[in-house]
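Taking it in order: structure first as structure tokens, then the write-up.
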Amino acid sequence: MTTPVLSVQDLTVEFVTRRATLRALDRVSFEIGPGEVLGVVGESGAGKSVTGAAVIGLVDPPGRIAGGEVRLSGERIDNLPAEQLRRVRGKRIGMIFQDPLTSLNPLFRIGDQLVETITTHTDLSASAARQRALALLTEVGISAPERRIDSYPHQFSGGMRQRVVIALALCAEPELVIADEPTTALDVSVQAQIITVLKRLCRDHGTAVMLVTHDMGVIGETADRVAVMYAGRVIEVGAVTDVVRHPLHPYAQGLMGAIPTLADTAERLASIPGSMPRLSAIPPGCPFNPRCPYAYAPCTTIRPELKPPGLRAPAVPGRKVACHLYDPALAPEAAAA
Amino acid sequence: MLAFLVRRVLQAAGVFLAVGIIAFTMFRFVGDPVNQIVSIDTPYAERLAVRQSLGLDDPVPVQILRYLGRALGGDFGISYQFRQPVSALFAERLPATLELALCATVFALGLGVLFGVVSALRRGTALASALNALSLVGISLPTFLIGILLIYVFSETFRLLPSFGRGDVVRVGGWTTGFLTPSGLKALVLPSITLGLFQLTLVMRLVRAEMLEVLRTDYIRFARARGLRSRTIHFRHALKNTLIPVITIAGLQLGSLIAFAIITETVFQWPGMGALFLQAVQNVDIPIMAAYLLLVAGIFVVINLTVDILYTVVDPRLHVAGATGG
């Protein structure tokens, strides 16, 4: 088996506040293979963005990584000194943020921002970096880059700015790109274009992608595998077709059931009753148990681990779920027997 | 840009006219200048002659028009107390004030920006707390007290720096400068600190607040995610974004430094405009006071114009034309 580009093991992120220590990520584990696109889905506050930030070491205080490890191509990066971690950021892991309108520094020409990023991470001269910036702008679909490179961010539309952001994320040929809701702030008509550009570039460069989103449509079109997060935990992971068509975890089932289809004639959209617990009040056991239609005794006491299903579902490589229903030792029929 | 400049020049003319009229009218109420010029036992007829020679018995509008007309030609009248043209007096005093204001500004801006950035970046450390405490002192102590304290410590106790005057000055063309002699430079130190300290703390607090704001923005996060060096992020990307309000305040403050260096100049017996103005007030020397007000108005107009132009240099979004696409 090849070394995964990104391997996250039991990553735990805590926010220390005056009243309590809040656990934003609780032993999150997942892997991304070379050139693979992993979609990370979940409701707002499930910990998707924090995961992305934690991977590149940009969790803002008072948040901190409290445990676990992050490996980039087998090399541990979560405990690197700040200066070495900085060299990883931008060079080996590119990042794309949600809002292209605020991601670019308004006072600097986009060419300057590209060139400074390129020269920071490579040995290219300023003029060679500019050539590379022009090539990148062409690649992300900005026409007449010679005319546009000296423009300021405000002279671009939202979609165009996100293209520039993608160019910035890819300018040092990183192994991995973390795209944190790259289309959420954009016009619906532009979203598809941006996803297409991102997909094409990452395929061309062999870049792996961690695509954080709550747009299941984007996941379905783009991702190879998908990880579902809930209350700071990964509760299900697997190939995108499996997870979208046959979700195992009751929460994932609810999430997928909530996607309206064209054939749908229902008056009301399906929804999961209740709402995600606040970080300060995550129930013991499975965090989903108060909303789960199948909840039974162990769900309120024992935390389900993320592991391949042993019951009720075919064993597919790479498929994992954190639910007692699929655990031969804890499932209701095991208790009855 | 040209239309902008023309509009601003017209505005400036309006400001001058208003200030000129207000100044002239106001100073008619500060006292009778004739009393200051003649001695107590001067006969009435002679007083009338003096009054007439100064043009003080003409109707007020006539006096104003005459004054403004002459002022346009650079003639601000003759000082009552010195019997010299006001313009000559100003030319003699202005270099002292401008050099002092320049040093104070460099001191205030240089250290203010630096301290502001440091206290924002090192938030919560002892250094930042010390700087904040210093800024509180600077912002709350009155200028004259700072001046007196500095004189006490550096001139009286340690005898390091002079406590008054400009030291030796060199005349370059019509300009007397203290920058070229050791004693001139030494003499600048204490007054500059005194004059600049308040501005320093103001700039520092402003830069700190703006920095804290900017450091939270997405583009700074993105700059971090791009792996840029901290120095680049802090001093290039963040600092430039704090500059707009700093330029505004610094501009206005520079105006105040030049115009209202009165207290500092008095404490250090600095032979500048402030001291001249104070003397003029005591002696009801209306030509000097009126010209001083006009000069101050001029300084503010010029500074505001410069600030407006600097805005567009710093922030490309403020260019009037140039946006291509949305």
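Naming scheme: A, B, ... for chains in displayed order of the structure tokens; residues 1 onward per chain; ligands 1 onward as shown.
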ask   = Using only C-alpha atoms, which chain B residues lie at most 10 Å away from chain A, written as JSON, numbers by chain?
value = {"B": [216, 217, 218, 219, 220, 221, 222, 223, 224, 225, 226, 227, 228, 229, 230, 232, 236, 237, 238, 240, 241, 313, 314, 315, 316, 317, 322, 323, 324, 325, 326]}
Picked from region 22-211 of chain A by DSSP as strand (DSSP E or B), as a short mmCIF file (atom, residue, chain, number, x, y, z; two decimals) with all heavy atoms, in the first residue's frame:
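Written output follows (states21.cif):
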data_model
loop_
_atom_site.label_atom_id
_atom_site.label_comp_id
_atom_site.auth_asym_id
_atom_site.auth_seq_id
_atom_site.Cartn_x
_atom_site.Cartn_y
_atom_site.Cartn_z
N LEU A 22 -13.30 23.21 25.75
CA LEU A 22 -14.22 22.66 24.76
C LEU A 22 -13.43 21.83 23.76
O LEU A 22 -12.38 22.26 23.28
CB LEU A 22 -14.95 23.79 24.04
CG LEU A 22 -15.71 24.75 24.93
CD1 LEU A 22 -16.32 25.86 24.11
CD2 LEU A 22 -16.77 24.00 25.72
N ARG A 23 -13.96 20.66 23.46
CA ARG A 23 -13.27 19.77 22.54
C ARG A 23 -13.90 19.91 21.16
O ARG A 23 -14.99 19.40 20.92
CB ARG A 23 -13.37 18.35 23.07
CG ARG A 23 -12.40 17.41 22.45
CD ARG A 23 -12.28 16.16 23.27
NE ARG A 23 -11.23 16.28 24.28
CZ ARG A 23 -10.62 15.23 24.81
NH1 ARG A 23 -10.98 14.01 24.46
NH2 ARG A 23 -9.67 15.39 25.70
N ALA A 24 -13.22 20.63 20.29
CA ALA A 24 -13.78 20.89 18.96
C ALA A 24 -13.57 19.69 18.04
O ALA A 24 -14.38 19.40 17.18
CB ALA A 24 -13.15 22.13 18.34
N LEU A 25 -12.44 18.99 18.23
CA LEU A 25 -12.18 17.76 17.49
C LEU A 25 -11.87 16.69 18.51
O LEU A 25 -11.08 16.90 19.43
CB LEU A 25 -10.98 17.92 16.55
CG LEU A 25 -11.11 18.83 15.34
CD1 LEU A 25 -9.87 18.67 14.46
CD2 LEU A 25 -12.36 18.51 14.55
N ASP A 26 -12.52 15.54 18.35
CA ASP A 26 -12.32 14.48 19.32
C ASP A 26 -11.83 13.22 18.61
O ASP A 26 -12.61 12.51 18.00
CB ASP A 26 -13.65 14.21 20.05
CG ASP A 26 -13.43 13.43 21.33
OD1 ASP A 26 -12.30 12.91 21.52
OD2 ASP A 26 -14.38 13.33 22.12
N ARG A 27 -10.54 13.01 18.65
CA ARG A 27 -9.90 11.83 18.06
C ARG A 27 -10.38 11.58 16.63
O ARG A 27 -10.96 10.56 16.33
CB ARG A 27 -10.15 10.62 18.95
CG ARG A 27 -9.31 10.74 20.22
CD ARG A 27 -9.70 9.79 21.33
NE ARG A 27 -9.99 8.47 20.87
CZ ARG A 27 -10.89 7.67 21.46
NH1 ARG A 27 -11.54 8.10 22.52
NH2 ARG A 27 -11.09 6.48 21.01
N VAL A 28 -10.07 12.56 15.79
CA VAL A 28 -10.43 12.46 14.38
C VAL A 28 -9.33 11.71 13.63
O VAL A 28 -8.15 12.01 13.79
CB VAL A 28 -10.61 13.88 13.78
CG1 VAL A 28 -10.60 13.83 12.27
CG2 VAL A 28 -11.88 14.50 14.31
N SER A 29 -9.72 10.72 12.86
CA SER A 29 -8.75 9.98 12.07
C SER A 29 -9.25 9.83 10.64
O SER A 29 -10.42 9.55 10.41
CB SER A 29 -8.54 8.57 12.65
OG SER A 29 -8.16 8.64 13.99
N PHE A 30 -8.35 10.06 9.69
CA PHE A 30 -8.67 9.77 8.29
C PHE A 30 -7.38 9.83 7.48
O PHE A 30 -6.33 10.25 7.98
CB PHE A 30 -9.70 10.77 7.73
CG PHE A 30 -9.24 12.19 7.73
CD1 PHE A 30 -8.57 12.73 6.64
CD2 PHE A 30 -9.48 13.02 8.84
CE1 PHE A 30 -8.15 14.04 6.65
CE2 PHE A 30 -9.05 14.33 8.85
CZ PHE A 30 -8.39 14.84 7.76
N GLU A 31 -7.48 9.35 6.27
CA GLU A 31 -6.30 9.35 5.39
C GLU A 31 -6.71 9.85 4.01
O GLU A 31 -7.85 9.70 3.61
CB GLU A 31 -5.75 7.93 5.26
CG GLU A 31 -5.03 7.46 6.50
CD GLU A 31 -4.53 6.03 6.35
OE1 GLU A 31 -4.86 5.40 5.32
OE2 GLU A 31 -3.83 5.57 7.24
N ILE A 32 -5.74 10.45 3.33
CA ILE A 32 -5.98 10.84 1.94
C ILE A 32 -4.82 10.29 1.11
O ILE A 32 -3.66 10.53 1.42
CB ILE A 32 -6.04 12.38 1.79
CG1 ILE A 32 -7.12 12.97 2.70
CG2 ILE A 32 -6.32 12.75 0.33
CD1 ILE A 32 -7.21 14.47 2.65
N VAL A 37 -9.32 12.76 -3.80
CA VAL A 37 -10.11 13.86 -3.28
C VAL A 37 -10.99 13.32 -2.16
O VAL A 37 -11.84 12.47 -2.38
CB VAL A 37 -10.99 14.49 -4.38
CG1 VAL A 37 -11.83 15.62 -3.79
CG2 VAL A 37 -10.14 14.99 -5.53
N LEU A 38 -10.74 13.80 -0.96
CA LEU A 38 -11.57 13.40 0.17
C LEU A 38 -12.53 14.53 0.49
O LEU A 38 -12.11 15.65 0.78
CB LEU A 38 -10.70 13.10 1.40
CG LEU A 38 -11.50 12.78 2.67
CD1 LEU A 38 -12.05 11.37 2.63
CD2 LEU A 38 -10.67 12.99 3.93
N GLY A 39 -13.81 14.22 0.44
CA GLY A 39 -14.78 15.23 0.84
C GLY A 39 -15.03 15.10 2.33
O GLY A 39 -15.15 14.01 2.86
N VAL A 40 -15.08 16.24 3.01
CA VAL A 40 -15.41 16.23 4.43
C VAL A 40 -16.72 16.97 4.59
O VAL A 40 -16.81 18.15 4.26
CB VAL A 40 -14.31 16.90 5.27
CG1 VAL A 40 -14.68 16.91 6.74
CG2 VAL A 40 -12.99 16.17 5.08
N VAL A 41 -17.75 16.26 5.04
CA VAL A 41 -19.07 16.89 5.13
C VAL A 41 -19.56 16.89 6.57
O VAL A 41 -19.06 16.16 7.42
CB VAL A 41 -20.12 16.19 4.24
CG1 VAL A 41 -19.79 16.38 2.80
CG2 VAL A 41 -20.24 14.73 4.61
N GLY A 63 -7.52 28.02 20.83
CA GLY A 63 -7.55 26.63 20.41
C GLY A 63 -6.15 26.03 20.36
O GLY A 63 -5.19 26.75 20.11
N ARG A 64 -6.04 24.73 20.60
CA ARG A 64 -4.73 24.10 20.48
C ARG A 64 -4.91 22.63 20.18
O ARG A 64 -5.95 22.04 20.50
CB ARG A 64 -3.93 24.27 21.78
CG ARG A 64 -4.59 23.62 22.96
CD ARG A 64 -3.86 23.94 24.24
NE ARG A 64 -4.61 23.40 25.37
CZ ARG A 64 -4.45 22.18 25.84
NH1 ARG A 64 -3.56 21.37 25.33
NH2 ARG A 64 -5.20 21.75 26.84
N ILE A 65 -3.91 22.06 19.54
CA ILE A 65 -3.94 20.63 19.27
C ILE A 65 -3.58 19.91 20.56
O ILE A 65 -2.50 20.11 21.11
CB ILE A 65 -2.96 20.27 18.14
CG1 ILE A 65 -3.42 20.93 16.84
CG2 ILE A 65 -2.87 18.76 17.97
CD1 ILE A 65 -2.53 20.66 15.65
N ALA A 66 -4.52 19.12 21.08
CA ALA A 66 -4.31 18.52 22.38
C ALA A 66 -3.86 17.07 22.27
O ALA A 66 -3.47 16.46 23.27
CB ALA A 66 -5.59 18.60 23.20
N GLY A 67 -3.89 16.52 21.08
CA GLY A 67 -3.46 15.13 20.97
C GLY A 67 -3.55 14.65 19.54
O GLY A 67 -4.08 15.33 18.66
N GLY A 68 -2.98 13.47 19.31
CA GLY A 68 -3.03 12.88 18.00
C GLY A 68 -1.87 13.32 17.14
O GLY A 68 -1.00 14.07 17.60
N GLU A 69 -1.84 12.85 15.91
CA GLU A 69 -0.74 13.25 15.03
C GLU A 69 -1.21 13.41 13.60
O GLU A 69 -2.21 12.84 13.18
CB GLU A 69 0.41 12.26 15.14
CG GLU A 69 0.03 10.81 14.92
CD GLU A 69 1.24 9.90 15.08
OE1 GLU A 69 1.85 9.94 16.15
OE2 GLU A 69 1.56 9.17 14.13
N VAL A 70 -0.45 14.26 12.90
CA VAL A 70 -0.73 14.54 11.50
C VAL A 70 0.52 14.18 10.72
O VAL A 70 1.61 14.64 11.06
CB VAL A 70 -1.07 16.02 11.28
CG1 VAL A 70 -1.32 16.30 9.81
CG2 VAL A 70 -2.26 16.45 12.11
N ARG A 71 0.39 13.31 9.74
CA ARG A 71 1.55 12.94 8.94
C ARG A 71 1.33 13.35 7.49
O ARG A 71 0.27 13.09 6.93
CB ARG A 71 1.80 11.43 9.00
CG ARG A 71 2.41 11.00 10.30
CD ARG A 71 2.51 9.48 10.37
NE ARG A 71 2.90 9.09 11.72
CZ ARG A 71 4.16 9.05 12.13
NH1 ARG A 71 5.13 9.36 11.30
NH2 ARG A 71 4.43 8.71 13.37
N LEU A 72 2.35 13.99 6.93
CA LEU A 72 2.29 14.38 5.53
C LEU A 72 3.30 13.49 4.79
O LEU A 72 4.50 13.56 5.05
CB LEU A 72 2.66 15.85 5.38
CG LEU A 72 2.56 16.43 3.97
CD1 LEU A 72 1.13 16.43 3.49
CD2 LEU A 72 3.12 17.85 3.95
N GLU A 75 5.60 11.80 7.06
CA GLU A 75 6.44 12.60 7.95
C GLU A 75 5.56 13.40 8.91
O GLU A 75 4.62 14.07 8.49
CB GLU A 75 7.26 13.55 7.07
CG GLU A 75 8.23 14.43 7.79
CD GLU A 75 8.74 15.52 6.83
OE1 GLU A 75 8.76 15.29 5.61
OE2 GLU A 75 9.08 16.60 7.33
N ARG A 76 5.87 13.29 10.18
CA ARG A 76 4.99 13.94 11.15
C ARG A 76 5.16 15.46 11.09
O ARG A 76 6.28 15.96 11.11
CB ARG A 76 5.34 13.41 12.55
CG ARG A 76 4.27 13.76 13.53
CD ARG A 76 4.24 12.86 14.73
NE ARG A 76 3.31 13.50 15.67
CZ ARG A 76 3.28 13.25 16.94
NH1 ARG A 76 4.09 12.35 17.47
NH2 ARG A 76 2.42 13.88 17.72
N ARG A 89 3.55 24.91 4.97
CA ARG A 89 2.35 25.62 4.51
C ARG A 89 2.66 26.36 3.22
O ARG A 89 3.67 27.05 3.12
CB ARG A 89 1.93 26.67 5.55
CG ARG A 89 1.28 26.10 6.76
CD ARG A 89 0.48 27.18 7.46
NE ARG A 89 1.33 28.19 8.05
CZ ARG A 89 1.71 28.19 9.32
NH1 ARG A 89 1.29 27.26 10.12
NH2 ARG A 89 2.49 29.14 9.78
N ILE A 93 1.43 21.99 1.44
CA ILE A 93 -0.02 21.98 1.60
C ILE A 93 -0.55 23.35 1.20
O ILE A 93 -0.18 24.36 1.80
CB ILE A 93 -0.43 21.70 3.06
CG1 ILE A 93 0.19 20.41 3.56
CG2 ILE A 93 -1.95 21.64 3.17
CD1 ILE A 93 -0.17 20.06 4.99
N GLY A 94 -1.39 23.37 0.18
CA GLY A 94 -2.01 24.64 -0.20
C GLY A 94 -3.36 24.74 0.47
O GLY A 94 -3.96 23.75 0.86
N MET A 95 -3.80 25.99 0.65
CA MET A 95 -5.07 26.17 1.36
C MET A 95 -5.96 27.11 0.57
O MET A 95 -5.50 28.11 0.02
CB MET A 95 -4.76 26.76 2.73
CG MET A 95 -5.94 26.94 3.63
SD MET A 95 -6.10 25.57 4.77
CE MET A 95 -7.75 25.85 5.38
N ILE A 96 -7.23 26.77 0.50
CA ILE A 96 -8.21 27.66 -0.14
C ILE A 96 -9.30 27.95 0.86
O ILE A 96 -9.87 27.02 1.44
CB ILE A 96 -8.81 27.01 -1.40
CG1 ILE A 96 -7.72 26.73 -2.44
CG2 ILE A 96 -9.90 27.89 -2.00
CD1 ILE A 96 -8.16 25.82 -3.55
N LEU A 176 -0.81 18.43 -1.34
CA LEU A 176 -2.18 18.40 -0.83
C LEU A 176 -2.77 19.81 -0.85
O LEU A 176 -2.07 20.78 -0.54
CB LEU A 176 -2.16 17.87 0.62
CG LEU A 176 -3.47 17.94 1.41
CD1 LEU A 176 -4.46 16.91 0.90
CD2 LEU A 176 -3.22 17.74 2.89
N VAL A 177 -4.02 19.90 -1.22
CA VAL A 177 -4.72 21.17 -1.11
C VAL A 177 -5.89 20.99 -0.16
O VAL A 177 -6.64 20.02 -0.28
CB VAL A 177 -5.23 21.66 -2.48
CG1 VAL A 177 -6.24 22.78 -2.31
CG2 VAL A 177 -4.08 22.13 -3.34
N ILE A 178 -6.00 21.89 0.81
CA ILE A 178 -7.16 21.86 1.69
C ILE A 178 -8.09 22.97 1.22
O ILE A 178 -7.73 24.15 1.27
CB ILE A 178 -6.75 22.08 3.15
CG1 ILE A 178 -5.81 20.97 3.60
CG2 ILE A 178 -7.98 22.15 4.04
CD1 ILE A 178 -5.25 21.16 4.99
N ALA A 179 -9.25 22.59 0.73
CA ALA A 179 -10.20 23.59 0.25
C ALA A 179 -11.34 23.67 1.25
O ALA A 179 -12.13 22.74 1.38
CB ALA A 179 -10.71 23.20 -1.13
N ASP A 180 -11.38 24.79 1.97
CA ASP A 180 -12.37 24.94 3.04
C ASP A 180 -13.60 25.67 2.49
O ASP A 180 -13.60 26.88 2.41
CB ASP A 180 -11.74 25.73 4.20
CG ASP A 180 -12.64 25.76 5.41
OD1 ASP A 180 -13.77 25.27 5.32
OD2 ASP A 180 -12.19 26.28 6.45
N ALA A 208 -3.49 15.87 -4.12
CA ALA A 208 -4.59 15.34 -3.32
C ALA A 208 -5.38 16.52 -2.76
O ALA A 208 -4.84 17.60 -2.55
CB ALA A 208 -4.06 14.48 -2.18
N VAL A 209 -6.66 16.30 -2.51
CA VAL A 209 -7.50 17.40 -2.03
C VAL A 209 -8.32 16.97 -0.83
O VAL A 209 -8.88 15.88 -0.80
CB VAL A 209 -8.49 17.87 -3.13
CG1 VAL A 209 -9.31 19.06 -2.64
CG2 VAL A 209 -7.76 18.22 -4.41
N MET A 210 -8.33 17.84 0.16
CA MET A 210 -9.28 17.66 1.25
C MET A 210 -10.33 18.74 1.03
O MET A 210 -10.06 19.92 1.17
CB MET A 210 -8.57 17.85 2.59
CG MET A 210 -9.49 17.78 3.78
SD MET A 210 -8.54 17.92 5.30
CE MET A 210 -9.85 18.45 6.39
N LEU A 211 -11.51 18.31 0.63
CA LEU A 211 -12.54 19.26 0.24
C LEU A 211 -13.59 19.36 1.34
O LEU A 211 -14.41 18.46 1.51
CB LEU A 211 -13.18 18.81 -1.08
CG LEU A 211 -14.28 19.67 -1.66
CD1 LEU A 211 -13.76 21.05 -2.00
CD2 LEU A 211 -14.87 19.01 -2.90
#
request  = Run DSSP on the backbone and give me the residues of region 175-224 of chain A it puts in alpha helix (DSSP H), as a VMD selection string.
outcome  = chain A and resid 188 to 205 216 to 222
inquiry  = Set the distance at 12 Å and use only C-alpha atoms: which residues neighbour Trp270 (chain B) once local chain neighbours fewer than 6 positions away are removed? I'd like the list as a ChimeraX atom specification.
reply    = /B:93-101,162-167,178,184,187-188,190-192,195,261-264,276,278
Filtering to C-alpha atoms, could you give me those residues as a PDB file, in the first residue's frame?
ATOM      1  CA  ARG B  93      10.787  82.102  13.333  1.00  0.00           C
ATOM      2  CA  LEU B  94       9.279  79.482  11.054  1.00  0.00           C
ATOM      3  CA  PRO B  95      12.401  77.317  10.585  1.00  0.00           C
ATOM      4  CA  ALA B  96      12.695  76.777  14.326  1.00  0.00           C
ATOM      5  CA  THR B  97       9.112  75.586  14.625  1.00  0.00           C
ATOM      6  CA  LEU B  98       9.179  73.480  11.478  1.00  0.00           C
ATOM      7  CA  GLU B  99      12.391  71.715  12.479  1.00  0.00           C
ATOM      8  CA  LEU B 100      10.998  71.026  15.918  1.00  0.00           C
ATOM      9  CA  ALA B 101       7.724  69.748  14.493  1.00  0.00           C
ATOM     10  CA  PRO B 162      20.397  71.797  27.119  1.00  0.00           C
ATOM     11  CA  SER B 163      17.164  72.962  28.720  1.00  0.00           C
ATOM     12  CA  PHE B 164      16.453  75.946  26.476  1.00  0.00           C
ATOM     13  CA  GLY B 165      17.091  77.548  23.097  1.00  0.00           C
ATOM     14  CA  ARG B 166      18.144  76.088  19.772  1.00  0.00           C
ATOM     15  CA  GLY B 167      21.890  75.869  20.336  1.00  0.00           C
ATOM     16  CA  GLY B 178      19.930  73.435  13.948  1.00  0.00           C
ATOM     17  CA  GLY B 184      21.740  72.390  17.568  1.00  0.00           C
ATOM     18  CA  ALA B 187      18.936  71.191  21.712  1.00  0.00           C
ATOM     19  CA  LEU B 188      16.312  69.491  19.554  1.00  0.00           C
ATOM     20  CA  LEU B 190      14.147  67.306  24.681  1.00  0.00           C
ATOM     21  CA  PRO B 191      11.654  69.629  22.959  1.00  0.00           C
ATOM     22  CA  SER B 192      11.021  67.021  20.265  1.00  0.00           C
ATOM     23  CA  LEU B 195       6.164  67.747  21.723  1.00  0.00           C
ATOM     24  CA  ALA B 261       3.794  73.924  19.738  1.00  0.00           C
ATOM     25  CA  ILE B 262       3.146  76.970  21.901  1.00  0.00           C
ATOM     26  CA  ILE B 263       3.453  75.187  25.239  1.00  0.00           C
ATOM     27  CA  THR B 264       6.581  73.268  24.336  1.00  0.00           C
ATOM     28  CA  LEU B 276       5.985  84.669  18.889  1.00  0.00           C
ATOM     29  CA  LEU B 278       2.114  84.074  22.732  1.00  0.00           C
TER      30      LEU B 278
END
task = With a distance cut-off of 12 Å and only C-alpha atoms, select the neighbouring residues of Tyr294 (chain A), excluding the residue or stretch itself and same-chain residues fewer than 6 positions from it, and output the selection as a PyMOL selection string.
result = chain A and resi 249-251+253+286+288+300+323-326+331-332
key: Two-atom distance - CA of Ser183 (chain B), CA of Ile146 (chain B) (Å)   =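 CA of Ile146 (chain B) lies at a distance of 21.7 Å from CA of Ser183 (chain B).
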ask   = Any idea what the distance is between CA of Ile139 (chain B) and CA of Glu213 (chain B)?
value =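 Distance between the two atoms: 21.7 Å.
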inquiry  = Please report the interatomic distance between CA of Gly147 (chain B) and CA of Thr177 (chain B) in Å with one decimal.
reply    = 22.1 Å
ask   = Which residue gives the smallest distance to Gln279 (chain B) among B:Tyr44, B:Phe82, B:Phe76, B:Phe16, with only C-alpha atoms counted?
value =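 The answer is B:Phe82, which sits nearest to Gln279 (chain B).
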ask   = Can you list, as an MDAnalysis selection string, every protein, DNA or RNA residue that comes within 7 Å of region 49-62 of chain B when you count only C-alpha atoms, leaving out same-chain residues fewer than 4 positions away?
value = chainID B and resid 34 45 66
